[in-house]
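The structure appears below as structure tokens.
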Amino acid sequence: MNTHIPLSLIGISHKTAEVEIREEVAFSKEEQIELNKKLIKEFNLKGSIVLSTCNRTEIYLSGDLSINEINEIRVWLNSFKKCNCFTSDKYFYVYQGKEATYHFFKVISGLDSQIIGEPQITGQVKEAYNLSHDSHSTDALLNKLFNYGLQAQKKVRNETFLSDGAVSISFAGVELARKIFTGLANKKALLIGAGDTAELAALHFLEKGVGQIYIANRTFDKAEVLAKRFNGEAFTLDQLPWVLGEVDIVISATASTEFILTREIVEPILKKRSQNPLFIIDLAIPRDIDPELDTLDTVYLYNLDDLNEIVQMNLAKRKEEIPKAEKIILQHVHEFVQWISTHASSQIINQLREYFEQLRKRELVRLRSRLPDEGMEHVEYLTESIINKIMHQHIKVLKKNINNPQLYEQYLDFLFEMYEFEKK
Amino acid sequence: MQFVSQFLSYLLPVLYLILLYIYYNIFTGKNRKYESKTQTLLLVLLIIHGIEIVLRQLYLKAMPLSSAFDASSFLAFSILLVYYIIERSFENRASGFFIILFAFFPALVSAFNHVWEKESNPLLANPTFAIHASLNVIGYTALAISAIYALMYIIQYKNIKQRRFNRIYDQLPPVTYLENMSKRAVLIGIILMGVGIMMGHFQTKQAFGRYFFWDPKVIITDFIWLMYLSVYVTSHFKKWSARSMAYLSIFGFSILLVSIIIVFSVGKSFHEFY
């Protein structure tokens with residue numbers, strides 16, 4: 001018999017539904033707070049967390065729920081959101097107990113993401129949890145679930161390469177720059193072209209700390225507009241030889257059909273740069289940069305195909321890490337299950353103590369009328385001692401079986417039946 | 001005391017090997033479990049090695065570095081110490097495997113070749129000699145570190161140029177970092193060796209009343225030092241590329257290593273004049 005985990009999950013993700021459906025069932029922050037409170041009240045739950053991102057909406061519910069009750073909740077969600085998606089088995093999945101726990105740990109660790117290992121999901125889960133926790137919609141189970149999930153995520157991040165390596169073209173460029181230069185803070189980047197592609201790449205470099213951006217374009221006005229945006233400087237293509245002497249990174253994405261940078265332009269500049277490395281990213285098709293430049297000692301030239309190869313390689317590396325990450329997650333699920341067992345045992349120990357204490361007090365009250373006051377304190381002490389010894393025996397057996405879930409559950413069931421306790 | 005010191009000297013190569021194995025696992029990504037413990041392990045090994053050196057000198061009643069294998073042991077210790085400082089400063093463990101590998105060999109050689117006869121040569125008991133020898137050994141250490149960083153530079157440079165994005169590429173630091181470390185190390189080596197060489201010449205003049213410019217070890221050390229100095233200065237003015245400098249650093253250290261091995265194999269001691 002498995003340890004019972006009173007946890008249920010109703011969810012939809014990029015794996016089960018297209019964006020148009022996911023849009024219909026997404027919840028804003030205010031809706032999440034309202035939904036948590038209403039679910040708890042309407043269905044007598046102990047806690048609720050709503051996770052709503054562009055790739056998934058998942059509702060984690062703490063409480064003993066049967067499948068029928070979950071279906072009632074799904075119907076209720078349809079009316080809350082004024083749609084009929086929640087009851088569609090095509091789009092929505094339902095997990096309970098250990099399955100729900102495992103799924104949650106996978107989600108928070110980035111194993112269930114569209115891009116495996118992406119780190120944003122952890123922040124999104126934290127946000128969802130905080131919203132719920134701050135509005136008093138979580139209970140001990142959900143709090144522990146979140147804590148164990150975070151521990152699993154940290155271990156996956158530290159002991160596997162699941163989140164390592166760039167998985168987009170722009171980040172691949174930034175990553176390469178980090179393998180060439182010791183830091184990007186005091187580096188200058190030149191953008192050749194003022195289109196969207198170059199702009200996006202420049203944005204990523206700026207986000208990662210590049211110190212200064214220069215923009216060179218055939219049309220000076222367009223270069224100026226972009227330069228203002230990035231707080232940089234604008235140049236024309238004629239000024240390229242001078243600018244090349246000042247920068248460390250060049251990102252080129254123009255619509256030119258001829259080479260913008262050739263060996264004849266670049267080679268004389270290299271000596272003036274004191275042989276400092278020059279990293280050139282050519283994002284254009286047809287290429288803007290003469291491939292001959294890559295033969296120069298201090299020039300590192302990468303084009304779209306090269307960067308794409310890096311991205312594919314990183315994605316493959318991440319996939320190789322999945323078994324390792326799953327093993328870590330399973331270990332944490334096992335630890336969470338053990339906590340549930342210990343938590344259940346501390347509840348029953350409290351219930352037992354209460355039961356025996358009430359029994360002792362009742363019997364003492366009955367006895368008090370038949371015995372003299374003198375010596376009553378000895379009788380009190382005697383009865384307390386007997387109760388403690390009985391309790392000790394119960395606790396000893398519970399602790400002895402804690403690592404054997406089957407025996408443990410059997411013993412718990414026996415105690416519940418013998419003392420006619422209600423399972424909480 | 002001899003027993004403890006001997007035991008430690010045999011233990012040292014084993015400990016170096018264990019550390020090397022840990023760094024190999026970190027470098028290849030096979031096991032990252034010990035990543036947070038490397039500085040502690042380095043410090044422990046440094047302390048043990050330091051104790052071994054001190055105990056041996058106390059027993060022999062000699063200044064450190066009074067024999068070739070003493071120098072070899074001290075070289076291993078210096079390399080490890082320099083690496084410990086580098087890892088603490090930059091929190092980068094990628095070069096650990098290469099540098100500790102380089103330290104392992106002198107530790108191994110010295111462990112099985114120590115002489116346990118007490119030193120009777122008054123020259124070698126002179127503290128000035130110890131300073132001269134230490135400066136030279138630390139200078140060699142710096143040149144060794146420069147060559148190691150130069151080698152890593154070449155590997156990473158080729159990885160990037162040839163689009164080889166393997167585990168080594170992942171683990172090695174940026175090429176400019178490797179270039180700067182190599183340059184800094186060679187400069188430190190040139191300065192320390194220069195001072196050490198001057199001190200050596202001064203000491204022989206004091207002890208024997210003349211200079212020994214024709215001693216093989218003196219010729220080789222002075223020549224190599226002059227070679228390093230002239231290449232360093234020329235490269236600064238001629239603006240040679242980092243790749244050329246890396247190859248020159250590796251070549252220079254190879255010459256240094258081969259010459260030292262030849263001198264120690266052919267000669268009876270450090271210098272002919274004692």
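Residues are named by chain letter and number: chains run A, B, ... in the order of the structure tokens, numbers start at 1 in each chain, and ligands are numbered from 1 in the order shown.
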Proximal residues of chain B relative to chain A (only C-alpha atoms; 8 Å) as a list of chain:residue names: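 Here they are: B:Asn31, B:Arg32, B:Lys33, B:Ile160, B:Lys161, B:Arg163, B:Phe165, B:Pro173, B:Pro174, B:Val175, B:Thr176, B:Tyr177, B:Lys239, B:Trp240, B:Ser241, B:Ala242, B:Arg243.
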Could you pull the residues within 7 Å of segment 179-185 of chain B, counting only C-alpha atoms, minus those fewer than 5 positions along the same chain, as a ChimeraX atom specification? /B:142-143,145-147,149-150,153,242
Rounded to one decimal, what separation in Å do you get between atom CA of Leu41 of chain B and atom CA of Leu20 of chain B?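 Computed distance, atom CA of Leu41 of chain B to atom CA of Leu20 of chain B, equals 11.0 Å.
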Looking only at strand (DSSP E or B) from DSSP on the backbone, list the matching residues of segment 241-423 of chain A as a PyMOL selection string. chain A and resi 249-252+261+278-282+289+299-303
Name the residues in contact with Glu35 of chain B at a cut-off of 10 Å, using only C-alpha atoms, excluding same-chain residues fewer than 4 positions from it; report them as a list in words.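 The filter keeps Asn158 of chain A; Ile22, Tyr23, Asn25, Ile26, Phe27, Asn31, Gln39 and Arg93 of chain B.
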Residues flagged helix (DSSP H, G or I) by DSSP in segment 145-354 of chain A, as a ChimeraX atom specification: /A:145-159,169-180,196-207,220-230,237-244,263-272,291-295,304-320,322-354
Write a file of the just-selected residues containing C-alpha atoms, as a short mmCIF file (atom, residue, chain, number, x, y, z; two decimals), in the first residue's frame.
```cif
data_model
loop_
_atom_site.label_atom_id
_atom_site.label_comp_id
_atom_site.auth_asym_id
_atom_site.auth_seq_id
_atom_site.Cartn_x
_atom_site.Cartn_y
_atom_site.Cartn_z
CA LEU A 145 5.81 20.47 -1.68
CA PHE A 146 7.22 23.80 -2.78
CA ASN A 147 10.28 23.49 -0.51
CA TYR A 148 11.11 19.98 -1.65
CA GLY A 149 10.53 21.07 -5.25
CA LEU A 150 12.99 23.91 -4.87
CA GLN A 151 15.56 21.56 -3.33
CA ALA A 152 15.14 19.18 -6.26
CA GLN A 153 15.51 22.07 -8.72
CA LYS A 154 18.72 23.29 -7.01
CA LYS A 155 20.23 19.83 -7.05
CA VAL A 156 19.32 19.34 -10.72
CA ARG A 157 20.89 22.70 -11.54
CA ASN A 158 24.07 22.03 -9.53
CA GLU A 159 24.66 18.39 -10.41
CA ILE A 169 21.08 32.14 -31.62
CA SER A 170 21.57 35.40 -29.71
CA PHE A 171 22.55 33.70 -26.49
CA ALA A 172 24.90 31.44 -28.39
CA GLY A 173 26.63 34.59 -29.61
CA VAL A 174 26.84 35.97 -26.06
CA GLU A 175 28.15 32.66 -24.77
CA LEU A 176 30.86 32.61 -27.41
CA ALA A 177 31.82 36.17 -26.53
CA ARG A 178 32.22 35.00 -22.92
CA LYS A 179 34.64 32.31 -24.09
CA ILE A 180 36.72 34.92 -25.89
CA ASP A 196 15.35 43.72 -36.30
CA THR A 197 17.84 40.84 -36.30
CA ALA A 198 20.85 42.92 -35.41
CA GLU A 199 18.78 44.89 -32.90
CA LEU A 200 17.71 41.74 -31.04
CA ALA A 201 21.27 40.43 -30.89
CA ALA A 202 22.50 43.82 -29.62
CA LEU A 203 19.78 43.81 -26.96
CA HIS A 204 21.01 40.46 -25.65
CA PHE A 205 24.59 41.69 -25.51
CA LEU A 206 23.50 44.80 -23.66
CA GLU A 207 21.47 42.67 -21.22
CA PHE A 220 22.77 57.48 -41.05
CA ASP A 221 19.30 58.53 -39.82
CA LYS A 222 18.28 54.94 -39.14
CA ALA A 223 21.57 54.36 -37.30
CA GLU A 224 20.89 57.43 -35.18
CA VAL A 225 17.39 56.25 -34.18
CA LEU A 226 18.76 52.93 -32.98
CA ALA A 227 21.77 54.58 -31.31
CA LYS A 228 19.45 56.75 -29.25
CA ARG A 229 17.58 53.67 -28.11
CA PHE A 230 20.73 51.94 -26.94
CA LEU A 237 29.57 52.55 -43.34
CA ASP A 238 32.42 54.77 -44.60
CA GLN A 239 33.54 55.22 -40.99
CA LEU A 240 33.83 51.47 -40.44
CA PRO A 241 37.66 51.29 -40.58
CA TRP A 242 37.91 53.80 -37.72
CA VAL A 243 35.14 52.20 -35.65
CA LEU A 244 36.64 48.72 -36.06
CA ARG A 263 40.39 41.15 -45.40
CA GLU A 264 41.68 44.30 -47.06
CA ILE A 265 39.64 46.47 -44.69
CA VAL A 266 40.22 44.50 -41.48
CA GLU A 267 43.84 43.30 -41.65
CA PRO A 268 45.52 46.73 -41.42
CA ILE A 269 43.35 47.58 -38.41
CA LEU A 270 44.41 44.54 -36.38
CA LYS A 271 47.93 45.79 -35.67
CA LYS A 272 46.51 49.16 -34.61
CA PRO A 291 34.93 34.18 -44.59
CA GLU A 292 38.65 34.78 -45.32
CA LEU A 293 38.70 36.91 -42.16
CA ASP A 294 38.51 33.78 -40.01
CA THR A 295 42.05 32.87 -41.09
CA LEU A 304 24.26 31.83 -38.58
CA ASP A 305 25.01 28.19 -39.35
CA ASP A 306 27.80 28.10 -36.75
CA LEU A 307 25.56 29.58 -34.06
CA ASN A 308 22.73 27.25 -34.94
CA GLU A 309 25.09 24.31 -34.63
CA ILE A 310 25.96 25.47 -31.10
CA VAL A 311 22.27 25.71 -30.22
CA GLN A 312 21.51 22.21 -31.52
CA MET A 313 24.51 20.80 -29.73
CA ASN A 314 23.43 22.39 -26.44
CA LEU A 315 19.90 21.09 -26.83
CA ALA A 316 21.26 17.59 -27.42
CA LYS A 317 23.52 17.89 -24.34
CA ARG A 318 20.53 18.92 -22.24
CA LYS A 319 18.53 15.94 -23.46
CA GLU A 320 21.39 13.65 -22.38
CA ILE A 322 17.37 14.13 -18.53
CA PRO A 323 17.86 10.65 -16.97
CA LYS A 324 20.23 12.11 -14.35
CA ALA A 325 17.76 14.88 -13.55
CA GLU A 326 14.84 12.43 -13.31
CA LYS A 327 16.81 10.31 -10.87
CA ILE A 328 17.35 13.34 -8.64
CA ILE A 329 13.66 14.22 -8.84
CA LEU A 330 12.60 10.69 -7.94
CA GLN A 331 14.87 10.83 -4.90
CA HIS A 332 13.19 14.03 -3.77
CA VAL A 333 9.72 12.58 -4.38
CA HIS A 334 10.73 9.70 -2.12
CA GLU A 335 11.90 12.18 0.56
CA PHE A 336 8.66 14.12 0.26
CA VAL A 337 6.67 10.91 0.70
CA GLN A 338 8.72 10.14 3.81
CA TRP A 339 7.90 13.57 5.18
CA ILE A 340 4.20 12.91 4.56
CA SER A 341 4.52 9.68 6.54
CA THR A 342 6.33 11.42 9.42
CA HIS A 343 3.80 14.23 9.35
CA ALA A 344 0.96 11.73 9.51
CA SER A 345 2.63 9.95 12.42
CA SER A 346 3.06 13.18 14.40
CA GLN A 347 -0.64 13.85 13.86
CA ILE A 348 -1.60 10.44 15.15
CA ILE A 349 0.77 10.71 18.11
CA ASN A 350 -0.97 13.97 19.06
CA GLN A 351 -4.35 12.32 18.65
CA LEU A 352 -3.26 9.36 20.80
CA ARG A 353 -1.87 11.62 23.50
CA GLU A 354 -5.12 13.59 23.55
#
```
What's the 7 Å shell around Phe69 of chain B, counting only C-alpha atoms, without same-chain residues fewer than 3 positions away, as a count of residues only? 5
